[in-house]
Structure formats: structure tokens, C-alpha cells
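**Student:** Dropping the structure in here first, questions after.
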Amino acid sequence: KISARRVSLKNEETQRSARRRRETTQEREEREREREREDVATMKIAEKLEECTKNGQVYFSFEYFPPKTEEGIANLFPRMKKMVSYGPQFCDITWGAGGSTADLTQDIAIRMKKEVGVETMMHLTCTNMLPEKVTTALNKCKEAGIDNILALRGDPPKGQEKWEAVEGGFECALDLVKFIREKHGDYFGIGVAGYPEAHPDAICDDPEQFAKNYEEELVYLKKKIDAGGQMIVTQLFYDVGNFLKFVKDCRNIGITCPILPGIMPIQSYGGFMRMTGFCKTKVPQDILDKLEPIKDNPDAVKAYGIHLGTQMCKALIDAGTPGLHMYSLNQDKAVLGILNGLGLISIEEPAKNPTPAIEAMDEDKKEKA
């Protein structure tokens with residue numbers, strides 16, 4: 001009986017030890033999963049994009065601008081929420097010409113992060129910005145948990161043709177990148193702008209001078225990356241070949257970070273002509289020829305914009321471009337139509353919804369009401 005009792009106690013101890021080992025293993029696995037979640041949460045956008053590329057995942061992102069009216073702002077967020085349900089890697093919000101929407105941009109960025117629940121990149125420009133104002137803007141981003149900035153020189157203020165630095169302010173985007181890194185270390189992920197057809201200020205009719213300007217632009221872009229930039233978002237373009245050449249030229253001078261093509265679907269003939277004129281964008285004659293007979297038919301122009309955008313993006317992806325940055329102009333149909341045409345999303349069934357908790361809260365409010 002004593003021997004049997006000893007065997008029983010030994011078996012019980014063995015079972016307890018096995019349970020402890022299982023619990024320890026489960027706890028260790030849970031800790032590792034938690035660390036992985038924390039790593040993802042603290043990854044900057046550029047790092048997430050590189051991870052997507054390693055995994056062979058074609059990614060996309062959406063850009064918005066601050067609406068001019070309260071009604072426009074109220075309409076933007078439901079549309080943004082709908083678009084985010086399709087799983088962009090991030091969304092960004094522009095700063096506004098001449099820094100005219102600075103406060104509104106920050107307010108929208110905070111709502112994007114907290115209410116919409118999307119990884120948010122806020123534009124920040126040098127126009128009319130003293131270091132003190134930049135510091136205030138960056139601190140506000142930190143408080144809201146926004147840790148990605150697109151650092152830009154910016155456009156001239158309204159009514160001013162030539163860009164000029166404000167006294168005591170920043171001369172260029174490179175100065176802004178350096179300032180952010182100097183004052184905030186690695187807290188912010190920093191994106192910068194790239195120009196496949198050169199910056200509008202560098203575009204000229206003399207082929208020899210243009211080639212020189214283009215090369216100087218590439219050298220300057222490399223300086224922005226070396227100073228702390230981690231990703232490049234390009235100016236709009238409609239000649240895929242120009243973008244692919246730009247990427248190759250960047251790689252040849254040692255720029256290895258993600259380069260996102262800026263895709264702006266044609267949504268209206270007038271808007272397209274104004275934007276390409278302002279940016280001095282090269283538009284292939286074939287596109288102009290197709291637009292001419294339908295320019296007074298808004299629906300036909302929008303349909304062609306989706307068709308052209310889909311063709312362009314397919315050519316980019318087929319050539320090895322890992323992702324797309326969609327200039328939405330605060331509208332959903334064109335960019336979602338293009339992504340649907342590429343098979344990256346299904347408009348009937350969103351790929352994922354990153355804001356289920358918010359929706360649950362909304363439903364709860366409705367029930368209480």
C-alpha cells in the first residue's frame with residue numbers, strides 16, 4: 001500500500017510539473033506574441049512597406065486634403081472610414097498651400113488616427129513655418145500618437161508666384177528633415193517627396209539644362225534620405241516609363257528606401273488640365289487624344305480615368321513596383337475602382353475592417369438612443 005501511494009504521489013507530481021511546463025510555454029508564447037504586436041505597433045510606415053515587399057504583398061495607401069467647409073469635413077470621415085475598410089497600409093493628409101490649413105490638418109490627422117483607426121502620416125511644410133511652429137506641430141503629433149511625417153518644402157502662399165523662406169525659417173525640405181531628426185531622434189518616421197520628371201521649378205525647355213537639373217534633383221533627393229528620410233512619395237505622373245526610369249536612377253545612386261508612385265486618377269477634364277499644368281506634368285499625346293472627344297461628358301471622363309489608372313498601375317506592378325499611393329482628392333469611386341480592377345480589393349466585400357471597435361461603439365450608441 002505504501003509503494004502504491006508513493007507511485008500515486010509521484011504521478012501527481014509529474015502531472016503538476018507537466019502542467020507548469022505547459023503554462024510556462026503558453027505564457028512564453030503569449031509574451032512573444034505580445035512583443036510581436038508591440039513591434040508592429042512601433043514600426044514606422046517605411047518599415048511596414050518593406051515588410052510587405054518581403055512578403056510579396058502589393059500595398060496601397062490613400063491621400064486626402066483638408067476640406068474648405070464644415071460640411072466637407074463632415075462628409076470626409078464617413079468616406080474615409082469606408083475607404084480604410086479596404087486595408088490601406090496608411091493614409092496621409094496634406095498641409096495646404098502656404099500652410100493655410102495647418103491647424104485643420106493637425107485636427108484631421110488626429111481624428112484619422114484616433115477615430116478612423118488608420119496609420120496616419122501628416123504632411124508638414126516649410127512655408128511660413130518658423131522652427132517654433134514646427135516644434136509645436138510635432139509635439140501635438142506626439143501627444144496624439146502620430147509618428148510619421150511627410151517633410152516637404154511646400155508651395156508658395158496664395159497669390160505669390162515664387163517660393164520664399166520666411167525670415168528665420170527653413171530654406172528647403174532638407175532643412176526640415178534635419179531639424180526633425182536633430183530634435184526628435186528616431187521617434188518620427190520621415191517621408192520625402194520625389195519628382196520623376198523633376199521638380200516643377202527645375203523643368204525647362206532646354207534639353208541640356210533640363211538633364212542637368214534632373215541630375216541635381218536626384219543628388220538633392222539622396223541628401224534628404226541620408227539626412228533621415230525613410231521613404232519617397234512621388235509627384236503625379238502619367239508616363240509610366242518616366243517613373244520606372246526615376247526609380248532606376250535612384251537605385252543607381254544608392255537610394256534603397258521604398259519609392260511610392262503617386263497615382264492621381266483623372267476625375268474631371270478641367271481638374272486634370274489645371275493640375276497637370278500647375279505641376280508641369282508630361283501627358284502622353286495618346287491620353288490627350290482620348291480625352292478630347294469626351295471632355296464635356298463628366299461620366300465618360302471618370303470612366304476613362306479609372307480605365308487609364310488601372311492600366312498604369314498594372315504596368316507598374318508588372319514592372320516590379322511594390323505598392324501604390326493613391327491621390328484620392330477626397331473621393332472614393334475612382335481609387336477604389338482602380339484597386340478593384342487590379343484585383344487588390346473586392347468592392348463588394350472589403351478586405352478587412354481595422355475599426356470594428358469604433359463600429360461597435362456606434363451601434364451601441366444607436367441602441368441607447
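Every chain in the C-alpha cells has a letter given in the order shown (A, B, ...), and although residue numbers restart at 1 in each chain, ligands are simply numbered from 1 in the order shown.
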Would you list the contacts of Asp296 of chain A as an MDAnalysis selection string, taking every protein, DNA or RNA residue within 10 Å and counting only C-alpha atoms, but skipping same-chain residues closer than 3 positions in sequence?
**Tutor:** chainID A and resid 268:270 291:293 299:301
**Student:** Can you pull out the residues contacting segment 68-73 of chain A? Cut-off 10 Å, using only C-alpha atoms, and skip same-chain residues under 4 positions away; I want them as a short mmCIF file (atom, residue, chain, number, x, y, z; two decimals) with all heavy atoms, in the first residue's frame.
**Tutor:**
```
data_model
loop_
_atom_site.label_atom_id
_atom_site.label_comp_id
_atom_site.auth_asym_id
_atom_site.auth_seq_id
_atom_site.Cartn_x
_atom_site.Cartn_y
_atom_site.Cartn_z
N PHE A 77 -15.19 62.11 -43.30
CA PHE A 77 -14.88 61.00 -42.40
C PHE A 77 -15.65 59.71 -42.68
O PHE A 77 -15.07 58.62 -42.62
CB PHE A 77 -14.99 61.45 -40.94
CG PHE A 77 -13.79 62.22 -40.50
CD1 PHE A 77 -13.75 63.61 -40.61
CD2 PHE A 77 -12.66 61.57 -40.03
CE1 PHE A 77 -12.62 64.32 -40.25
CE2 PHE A 77 -11.53 62.28 -39.65
CZ PHE A 77 -11.51 63.65 -39.77
N PRO A 78 -16.95 59.76 -43.00
CA PRO A 78 -17.62 58.52 -43.38
C PRO A 78 -16.99 57.91 -44.64
O PRO A 78 -16.84 56.68 -44.74
CB PRO A 78 -19.07 58.96 -43.64
CG PRO A 78 -19.23 60.21 -42.84
CD PRO A 78 -17.90 60.89 -42.89
N THR A 101 -3.75 75.59 -43.99
CA THR A 101 -4.66 74.70 -43.26
C THR A 101 -3.95 74.00 -42.11
O THR A 101 -4.34 72.90 -41.72
CB THR A 101 -5.24 73.64 -44.21
OG1 THR A 101 -4.16 72.81 -44.71
CG2 THR A 101 -5.95 74.28 -45.40
N LEU A 104 -6.15 72.85 -39.15
CA LEU A 104 -7.14 71.88 -39.62
C LEU A 104 -6.47 70.56 -39.99
O LEU A 104 -6.99 69.48 -39.68
CB LEU A 104 -7.90 72.45 -40.81
CG LEU A 104 -8.99 71.56 -41.41
CD1 LEU A 104 -10.02 71.16 -40.35
CD2 LEU A 104 -9.69 72.27 -42.58
N ILE A 108 -7.48 67.00 -38.33
CA ILE A 108 -7.93 65.87 -39.14
C ILE A 108 -7.00 64.68 -38.93
O ILE A 108 -7.45 63.53 -38.81
CB ILE A 108 -8.00 66.26 -40.63
CG1 ILE A 108 -9.15 67.25 -40.85
CG2 ILE A 108 -8.20 65.02 -41.51
CD1 ILE A 108 -9.24 67.78 -42.27
N ASN A 330 -10.14 63.26 -52.06
CA ASN A 330 -11.26 63.11 -51.11
C ASN A 330 -12.46 62.38 -51.70
O ASN A 330 -13.57 62.47 -51.16
CB ASN A 330 -11.70 64.47 -50.54
CG ASN A 330 -10.66 65.09 -49.65
OD1 ASN A 330 -9.59 64.51 -49.42
ND2 ASN A 330 -10.94 66.27 -49.13
#
```
**Student:** Where does segment 219-305 of chain A meet segment 190-212 of chain A within 7 Å, residue by residue, with the nearest atom pair and distance in Å to one decimal for each, counting only C-alpha atoms, listed by chain and rising number, as a tab-separated table?
**Tutor:**
```
residue	atom	partner	partner_atom	distance
A:Leu221	CA	A:Gly194	CA	7.0
A:Gly228	CA	A:Ile190	CA	6.9
A:Gly229	CA	A:Ile190	CA	5.0
A:Gln230	CA	A:Ile190	CA	5.6
A:Met231	CA	A:Gly191	CA	4.7
A:Ile232	CA	A:Val192	CA	5.0
A:Val233	CA	A:Ala193	CA	5.1
A:Thr234	CA	A:Gly194	CA	4.4
A:Gln235	CA	A:Tyr195	CA	5.3
A:Asn242	CA	A:Pro196	CA	6.1
A:Phe243	CA	A:Pro196	CA	5.2
A:Phe246	CA	A:Pro196	CA	5.1
A:Cys279	CA	A:Pro200	CA	5.8
A:Lys280	CA	A:Pro200	CA	5.9
```
**Student:** With only C-alpha atoms as the basis for distance, which of A:Gln331, A:Gly168, A:Val283, A:Glu215 is at the shortest distance from Glu132 of chain A?
**Tutor:**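 That would be A:Gly168, the residue with the smallest distance to Glu132 of chain A.
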**Student:** When you draw a straight line from atom CA of Asp249 of chain A to atom CA of Tyr214 of chain A, how long is it in Å?
**Tutor:**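 Interatomic distance here is 10.3 Å.
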**Student:** Return the single residue from A:Asp239, A:Glu171, A:Glu13, A:Glu115 that is closest to Ile263 of chain A, with distances computed using only C-alpha atoms.
**Tutor:**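 Once distances to Ile263 of chain A are computed over only C-alpha atoms, the minimum belongs to A:Asp239.
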**Student:** Quick one: of A:Met121, A:Phe237, A:Leu316, A:Gly305, who's nearest to Ala334 of chain A, counting only C-alpha atoms?
**Tutor:** A:Gly305
**Student:** What does the structure give for the distance between atom CA of Thr310 of chain A and atom CA of Leu339 of chain A, in Å to one decimal?
**Tutor:**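 Straight-line distance from atom CA of Thr310 of chain A to atom CA of Leu339 of chain A works out to 7.4 Å.
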**Student:** Could you work out how far atom CA of Leu49 of chain A lies from atom CA of Ala109 of chain A, giving the answer in Å with one decimal?
**Tutor:**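 Between atom CA of Ala109 of chain A and atom CA of Leu49 of chain A the gap is 20.1 Å.
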**Student:** Using DSSP on the backbone coordinates, identify all residues within segment 128-282 of chain A classified as strand (DSSP E); present the result as a PyMOL selection string.
**Tutor:** chain A and resi 148-152+189-194+231-236+259-263
**Student:** Export, as a tab-separated table (two decimals), in the first residue's frame, the selected residues with C-alpha atoms.
**Tutor:**
```tsv
chain	number	residue	atom	x	y	z
A	148	ASN	CA	5.03	59.60	-39.32
A	149	ILE	CA	5.65	62.89	-41.13
A	150	LEU	CA	5.94	63.75	-44.83
A	151	ALA	CA	8.50	66.58	-44.82
A	152	LEU	CA	8.06	68.99	-47.72
A	189	GLY	CA	9.24	58.06	-39.49
A	190	ILE	CA	10.00	60.60	-42.22
A	191	GLY	CA	8.84	60.56	-45.82
A	192	VAL	CA	10.02	62.98	-48.50
A	193	ALA	CA	8.85	63.95	-51.98
A	194	GLY	CA	10.36	62.70	-55.24
A	231	MET	CA	10.55	56.66	-47.89
A	232	ILE	CA	9.74	58.63	-51.04
A	233	VAL	CA	6.28	59.59	-52.31
A	234	THR	CA	6.36	60.88	-55.86
A	235	GLN	CA	4.67	63.67	-57.72
A	236	LEU	CA	1.81	62.61	-60.01
A	259	ILE	CA	9.57	54.71	-53.57
A	260	LEU	CA	5.79	55.08	-53.87
A	261	PRO	CA	4.32	56.16	-57.21
A	262	GLY	CA	1.80	58.99	-56.80
A	263	ILE	CA	-1.31	57.97	-58.76
```
**Student:** Extract, using only C-alpha atoms, all DNA, RNA and protein residues at most 9 Å from Tyr327 of chain A, discarding same-chain residues fewer than 5 positions from it, and format them as a CSV table (one decimal) with N, CA and C atoms, in the first residue's frame.
**Tutor:**
```csv
chain,number,residue,atom,x,y,z
A,61,SER,N,-2.0,53.0,-50.5
A,61,SER,CA,-2.3,54.0,-49.5
A,61,SER,C,-3.2,55.1,-50.1
A,62,PHE,N,-3.8,55.9,-49.2
A,62,PHE,CA,-4.7,57.0,-49.7
A,62,PHE,C,-4.3,58.3,-49.2
A,63,GLU,N,-4.4,59.3,-50.0
A,63,GLU,CA,-4.1,60.7,-49.6
A,63,GLU,C,-5.3,61.5,-49.6
A,64,TYR,N,-5.5,62.4,-48.6
A,64,TYR,CA,-6.6,63.3,-48.5
A,64,TYR,C,-6.1,64.8,-48.3
A,236,LEU,N,2.6,63.3,-59.0
A,236,LEU,CA,1.8,62.6,-60.0
A,236,LEU,C,2.5,62.5,-61.3
A,262,GLY,N,3.0,58.2,-57.1
A,262,GLY,CA,1.8,59.0,-56.8
A,262,GLY,C,0.8,58.9,-58.0
A,263,ILE,N,-0.3,58.2,-57.7
A,263,ILE,CA,-1.3,58.0,-58.8
A,263,ILE,C,-2.5,58.9,-58.6
A,264,MET,N,-2.8,59.8,-59.5
A,264,MET,CA,-3.9,60.7,-59.4
A,264,MET,C,-4.9,60.4,-60.6
A,265,PRO,N,-5.9,59.6,-60.3
A,265,PRO,CA,-6.9,59.3,-61.3
A,265,PRO,C,-7.5,60.6,-61.9
A,335,VAL,N,-10.4,55.7,-57.0
A,335,VAL,CA,-9.3,55.0,-56.5
A,335,VAL,C,-9.7,53.5,-56.1
```
**Student:** Taking into account only C-alpha atoms, which residue in the set A:Val118, A:Glu50, A:Arg153, A:Ile45 is nearest to Trp95 of chain A?
**Tutor:**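 The answer is A:Arg153, which sits nearest to Trp95 of chain A.
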